[in-house]
Amino acid sequence: MSAVLKQLFSKYLIITNTVTSGTLLGLGDVITQGLEAEYASRAGNVAHQFDIHRTGRMILMGLMIGPFGHFWYTKLADKLVLGTGPKVVLKKIGVDQIIFTPFITCLFFGGMGLLEGKDFNGAFNEIRTNFLTVYSVDCCVWPPAQYINFHFIPARFRSIYVSSITLCWNTFLSYMKHRGMTAE
(Lines give C-alpha, C1' and ligand atoms only; values in the text may rest on other atoms or scores of the structure.)
Protein backbone atom coordinates (compact mmCIF):
# COMPACT_ATOMS: atom_id res chain seq x y z
CA MET A 1 0.00 0.00 0.00
CA SER A 2 2.80 2.46 0.83
CA ALA A 3 4.32 1.87 -2.64
CA VAL A 4 0.99 2.84 -4.23
CA LEU A 5 0.73 5.98 -2.08
CA LYS A 6 4.31 6.88 -2.90
CA GLN A 7 3.50 6.64 -6.62
CA LEU A 8 0.28 8.64 -6.22
CA PHE A 9 2.15 11.44 -4.41
CA SER A 10 5.15 11.54 -6.72
CA LYS A 11 4.96 10.09 -10.23
CA TYR A 12 1.18 10.50 -10.58
CA LEU A 13 0.76 13.62 -8.43
CA ILE A 14 -1.10 15.65 -11.08
CA ILE A 15 -3.61 12.81 -11.52
CA THR A 16 -3.99 12.45 -7.74
CA ASN A 17 -4.56 16.19 -7.33
CA THR A 18 -6.98 16.40 -10.26
CA VAL A 19 -9.09 13.42 -9.20
CA THR A 20 -9.13 14.68 -5.61
CA SER A 21 -10.34 18.08 -6.79
CA GLY A 22 -13.16 16.59 -8.87
CA THR A 23 -14.20 14.15 -6.16
CA LEU A 24 -14.32 16.77 -3.42
CA LEU A 25 -16.20 19.31 -5.52
CA GLY A 26 -18.77 16.61 -6.31
CA LEU A 27 -18.95 15.58 -2.65
CA GLY A 28 -19.46 19.23 -1.66
CA ASP A 29 -22.47 19.33 -3.98
CA VAL A 30 -23.85 16.07 -2.56
CA ILE A 31 -23.63 17.59 0.93
CA THR A 32 -25.30 20.79 -0.29
CA GLN A 33 -28.13 18.85 -1.92
CA GLY A 34 -28.59 16.87 1.29
CA LEU A 35 -28.85 20.11 3.26
CA GLU A 36 -31.28 21.51 0.69
CA ALA A 37 -33.43 18.39 0.99
CA GLU A 38 -33.42 18.63 4.77
CA TYR A 39 -34.38 22.32 4.64
CA ALA A 40 -37.17 21.63 2.12
CA SER A 41 -38.50 18.81 4.28
CA ARG A 42 -38.53 20.92 7.44
CA ALA A 43 -40.27 23.73 5.54
CA GLY A 44 -42.98 21.30 4.45
CA ASN A 45 -42.08 21.63 0.77
CA VAL A 46 -42.28 18.90 -1.81
CA ALA A 47 -39.51 16.35 -1.43
CA HIS A 48 -36.24 17.56 -2.88
CA GLN A 49 -35.08 15.50 -5.85
CA PHE A 50 -31.36 14.72 -5.97
CA ASP A 51 -29.91 16.16 -9.20
CA ILE A 52 -27.23 13.76 -10.44
CA HIS A 53 -26.52 15.99 -13.47
CA ARG A 54 -25.76 18.93 -11.20
CA THR A 55 -23.32 16.80 -9.20
CA GLY A 56 -21.79 15.53 -12.44
CA ARG A 57 -21.18 19.10 -13.60
CA MET A 58 -19.55 19.89 -10.26
CA ILE A 59 -17.28 16.85 -10.57
CA LEU A 60 -16.38 17.81 -14.14
CA MET A 61 -15.61 21.36 -13.05
CA GLY A 62 -13.40 20.01 -10.27
CA LEU A 63 -11.55 17.86 -12.79
CA MET A 64 -11.01 20.93 -14.96
CA ILE A 65 -9.85 23.08 -12.02
CA GLY A 66 -7.61 20.35 -10.56
CA PRO A 67 -4.63 20.81 -12.89
CA PHE A 68 -4.60 24.56 -12.24
CA GLY A 69 -4.47 23.94 -8.48
CA HIS A 70 -1.79 21.32 -8.95
CA PHE A 71 0.54 23.61 -10.90
CA TRP A 72 -0.18 26.62 -8.72
CA TYR A 73 0.53 24.87 -5.42
CA THR A 74 3.35 22.59 -6.52
CA LYS A 75 5.24 24.94 -8.84
CA LEU A 76 4.14 28.53 -9.51
CA ALA A 77 3.49 29.90 -6.01
CA ASP A 78 7.01 28.98 -4.87
CA LYS A 79 8.57 30.44 -8.03
CA LEU A 80 6.72 33.74 -7.68
CA VAL A 81 7.71 34.16 -4.03
CA LEU A 82 10.85 32.34 -2.88
CA GLY A 83 11.34 31.10 0.67
CA THR A 84 9.37 29.70 3.59
CA GLY A 85 9.78 32.13 6.51
CA PRO A 86 6.75 33.82 8.10
CA LYS A 87 7.10 37.07 6.08
CA VAL A 88 7.53 35.11 2.85
CA VAL A 89 4.47 33.01 3.69
CA LEU A 90 2.42 36.19 4.13
CA LYS A 91 3.62 37.36 0.70
CA LYS A 92 2.60 33.99 -0.81
CA ILE A 93 -0.84 34.34 0.76
CA GLY A 94 -1.13 37.81 -0.75
CA VAL A 95 -0.14 36.52 -4.19
CA ASP A 96 -2.57 33.62 -3.79
CA GLN A 97 -5.43 35.98 -2.90
CA ILE A 98 -4.60 38.49 -5.65
CA ILE A 99 -3.78 36.12 -8.54
CA PHE A 100 -5.03 32.57 -8.02
CA THR A 101 -8.25 33.16 -6.08
CA PRO A 102 -9.87 35.56 -8.57
CA PHE A 103 -8.79 33.35 -11.48
CA ILE A 104 -10.15 30.11 -10.00
CA THR A 105 -13.37 31.79 -8.79
CA CYS A 106 -14.06 33.15 -12.27
CA LEU A 107 -13.14 29.80 -13.82
CA PHE A 108 -15.55 27.98 -11.49
CA PHE A 109 -18.60 30.19 -12.02
CA GLY A 110 -17.97 30.83 -15.71
CA GLY A 111 -17.23 27.17 -16.36
CA MET A 112 -20.30 26.02 -14.48
CA GLY A 113 -22.43 28.43 -16.49
CA LEU A 114 -21.05 27.01 -19.74
CA LEU A 115 -21.54 23.42 -18.52
CA GLU A 116 -25.18 24.29 -17.86
CA GLY A 117 -25.54 25.33 -21.50
CA LYS A 118 -25.43 29.07 -21.00
CA ASP A 119 -23.81 31.27 -23.63
CA PHE A 120 -20.77 33.44 -22.87
CA ASN A 121 -22.94 36.28 -21.55
CA GLY A 122 -24.81 33.89 -19.27
CA ALA A 123 -21.53 32.45 -17.98
CA PHE A 124 -20.18 35.97 -17.41
CA ASN A 125 -23.36 36.82 -15.49
CA GLU A 126 -22.65 33.85 -13.19
CA ILE A 127 -19.29 35.43 -12.38
CA ARG A 128 -20.76 38.90 -11.92
CA THR A 129 -23.54 37.60 -9.64
CA ASN A 130 -21.33 35.50 -7.36
CA PHE A 131 -17.77 36.83 -7.47
CA LEU A 132 -17.84 39.58 -4.84
CA THR A 133 -19.60 37.51 -2.17
CA VAL A 134 -17.46 34.43 -2.76
CA TYR A 135 -14.23 36.45 -2.90
CA SER A 136 -15.12 38.28 0.33
CA VAL A 137 -15.77 35.02 2.18
CA ASP A 138 -12.64 33.54 0.60
CA CYS A 139 -10.54 36.38 2.05
CA CYS A 140 -11.76 35.42 5.54
CA VAL A 141 -11.42 31.64 5.21
CA TRP A 142 -8.37 30.94 3.10
CA PRO A 143 -5.53 33.15 4.40
CA PRO A 144 -5.26 31.23 7.72
CA ALA A 145 -5.51 27.92 5.88
CA GLN A 146 -2.91 29.07 3.37
CA TYR A 147 -0.55 30.17 6.13
CA ILE A 148 -0.48 26.56 7.31
CA ASN A 149 -0.18 25.39 3.71
CA PHE A 150 2.77 27.58 2.70
CA HIS A 151 4.56 27.47 6.06
CA PHE A 152 4.27 23.82 7.08
CA ILE A 153 3.21 21.68 4.09
CA PRO A 154 5.77 20.40 1.55
CA ALA A 155 5.01 21.62 -2.01
CA ARG A 156 4.06 18.16 -3.30
CA PHE A 157 1.30 17.86 -0.66
CA ARG A 158 -0.10 21.40 -0.94
CA SER A 159 -2.78 20.71 -3.52
CA ILE A 160 -4.00 17.68 -1.52
CA TYR A 161 -4.01 19.74 1.68
CA VAL A 162 -6.09 22.45 -0.01
CA SER A 163 -8.40 19.83 -1.53
CA SER A 164 -8.86 18.18 1.86
CA ILE A 165 -9.89 21.32 3.70
CA THR A 166 -11.85 22.55 0.74
CA LEU A 167 -14.77 20.17 1.29
CA CYS A 168 -16.56 22.76 3.44
CA TRP A 169 -15.59 25.43 0.92
CA ASN A 170 -16.97 23.34 -1.95
CA THR A 171 -20.24 22.93 -0.06
CA PHE A 172 -20.39 26.72 0.20
CA LEU A 173 -19.55 27.11 -3.53
CA SER A 174 -22.30 24.67 -4.46
CA TYR A 175 -24.74 26.60 -2.30
CA MET A 176 -23.69 29.91 -3.89
CA LYS A 177 -23.94 28.46 -7.40
CA HIS A 178 -27.30 26.77 -6.93
CA ARG A 179 -29.13 28.94 -4.40
CA GLY A 180 -32.62 29.71 -5.53
CA MET A 181 -32.58 26.99 -8.17
CA THR A 182 -34.87 24.00 -8.22
CA ALA A 183 -33.82 20.47 -9.16
CA GLU A 184 -34.06 19.71 -12.86
# chains A, B, ... in the order shown; residues from 1 in each chain; ligands from 1

$ residues_around --residues "Leu13 in chain A" --least-positions-apart "5" --cutoff "12 Å" --atoms "only C-alpha atoms" --output "list of chain:residue names"
A:Val4, A:Leu5, A:Lys6, A:Gln7, A:Leu8, A:Thr18, A:Val19, A:Thr20, A:Gly66, A:Pro67, A:Gly69, A:His70, A:Phe71, A:Tyr73, A:Thr74, A:Ala155, A:Arg156, A:Phe157, A:Arg158, A:Ser159, A:Ile160

$ closest_atom_pairs --of "range 107-161 of chain A" --to "range 53-62 of chain A" --cutoff "12 Å" --atoms "only C-alpha atoms" --output "tab-separated table"
residue	atom	partner	partner_atom	distance
A:Leu107	CA	A:Met61	CA	8.8
A:Phe108	CA	A:Met61	CA	6.8
A:Phe109	CA	A:Met61	CA	9.4
A:Gly110	CA	A:Met61	CA	10.1
A:Gly111	CA	A:Met61	CA	6.9
A:Met112	CA	A:Met61	CA	6.8
A:Gly113	CA	A:Arg57	CA	9.8
A:Leu114	CA	A:Arg57	CA	10.0
A:Leu115	CA	A:Arg57	CA	6.6
A:Glu116	CA	A:Arg57	CA	7.8
A:Gly117	CA	A:Arg57	CA	11.0

$ select_by_dssp --residues "range 50-170 of chain A" --states "alpha helix (DSSP H)" --output "PyMOL selection string"
chain A and resi 52-71+77-80+86-95+101-115+120-152+155-170

$ atom_distance --atom1 "CA of Phe150 in chain A" --atom2 "CA of Thr84 in chain A"
7.0 Å

$ atom_distance --atom1 "CA of Gly83 in chain A" --atom2 "CA of Cys106 in chain A"
28.6 Å

$ closest_atom_pairs --of "range 22-95 of chain A" --to "range 168-178 of chain A" --cutoff "10 Å" --atoms "only C-alpha atoms" --output "JSON lines"
{"residue": "A:Leu24", "atom": "CA", "partner": "A:Asn170", "partner_atom": "CA", "distance": 7.2}
{"residue": "A:Leu25", "atom": "CA", "partner": "A:Asn170", "partner_atom": "CA", "distance": 5.4}
{"residue": "A:Gly26", "atom": "CA", "partner": "A:Asn170", "partner_atom": "CA", "distance": 8.2}
{"residue": "A:Leu27", "atom": "CA", "partner": "A:Thr171", "partner_atom": "CA", "distance": 7.9}
{"residue": "A:Gly28", "atom": "CA", "partner": "A:Thr171", "partner_atom": "CA", "distance": 4.1}
{"residue": "A:Asp29", "atom": "CA", "partner": "A:Ser174", "partner_atom": "CA", "distance": 5.4}
{"residue": "A:Val30", "atom": "CA", "partner": "A:Thr171", "partner_atom": "CA", "distance": 8.1}
{"residue": "A:Ile31", "atom": "CA", "partner": "A:Thr171", "partner_atom": "CA", "distance": 6.4}
{"residue": "A:Thr32", "atom": "CA", "partner": "A:Thr171", "partner_atom": "CA", "distance": 5.5}
{"residue": "A:Gln33", "atom": "CA", "partner": "A:Tyr175", "partner_atom": "CA", "distance": 8.5}
{"residue": "A:Leu35", "atom": "CA", "partner": "A:Tyr175", "partner_atom": "CA", "distance": 9.5}
{"residue": "A:Glu36", "atom": "CA", "partner": "A:Tyr175", "partner_atom": "CA", "distance": 8.8}
{"residue": "A:Arg54", "atom": "CA", "partner": "A:His178", "partner_atom": "CA", "distance": 9.1}
{"residue": "A:Thr55", "atom": "CA", "partner": "A:Ser174", "partner_atom": "CA", "distance": 9.2}
{"residue": "A:Met58", "atom": "CA", "partner": "A:Ser174", "partner_atom": "CA", "distance": 8.0}
{"residue": "A:Gly62", "atom": "CA", "partner": "A:Asn170", "partner_atom": "CA", "distance": 9.6}

$ residues_around --residues "Ala77 in chain A" --least-positions-apart "4" --cutoff "8 Å" --atoms "only C-alpha atoms" --output "PDB file with N, CA and C atoms, in the first residue's frame"
ATOM      1  N   TRP A  72      -0.331  25.450  -9.580  1.00  0.00           N
ATOM      2  CA  TRP A  72      -0.185  26.618  -8.723  1.00  0.00           C
ATOM      3  C   TRP A  72       0.509  26.242  -7.424  1.00  0.00           C
ATOM      4  N   TYR A  73       0.013  25.209  -6.742  1.00  0.00           N
ATOM      5  CA  TYR A  73       0.526  24.871  -5.418  1.00  0.00           C
ATOM      6  C   TYR A  73       1.817  24.074  -5.434  1.00  0.00           C
ATOM      7  N   VAL A  81       7.221  33.645  -5.305  1.00  0.00           N
ATOM      8  CA  VAL A  81       7.712  34.162  -4.027  1.00  0.00           C
ATOM      9  C   VAL A  81       8.599  33.078  -3.418  1.00  0.00           C
ATOM     10  N   LYS A  92       3.208  35.043   0.012  1.00  0.00           N
ATOM     11  CA  LYS A  92       2.596  33.993  -0.811  1.00  0.00           C
ATOM     12  C   LYS A  92       1.074  34.015  -0.670  1.00  0.00           C
ATOM     13  N   VAL A  95      -0.167  36.880  -2.771  1.00  0.00           N
ATOM     14  CA  VAL A  95      -0.140  36.520  -4.188  1.00  0.00           C
ATOM     15  C   VAL A  95      -1.271  35.536  -4.497  1.00  0.00           C
ATOM     16  N   ASP A  96      -1.494  34.595  -3.605  1.00  0.00           N
ATOM     17  CA  ASP A  96      -2.573  33.617  -3.785  1.00  0.00           C
ATOM     18  C   ASP A  96      -3.931  34.322  -3.845  1.00  0.00           C
TER      19      ASP A  96
END
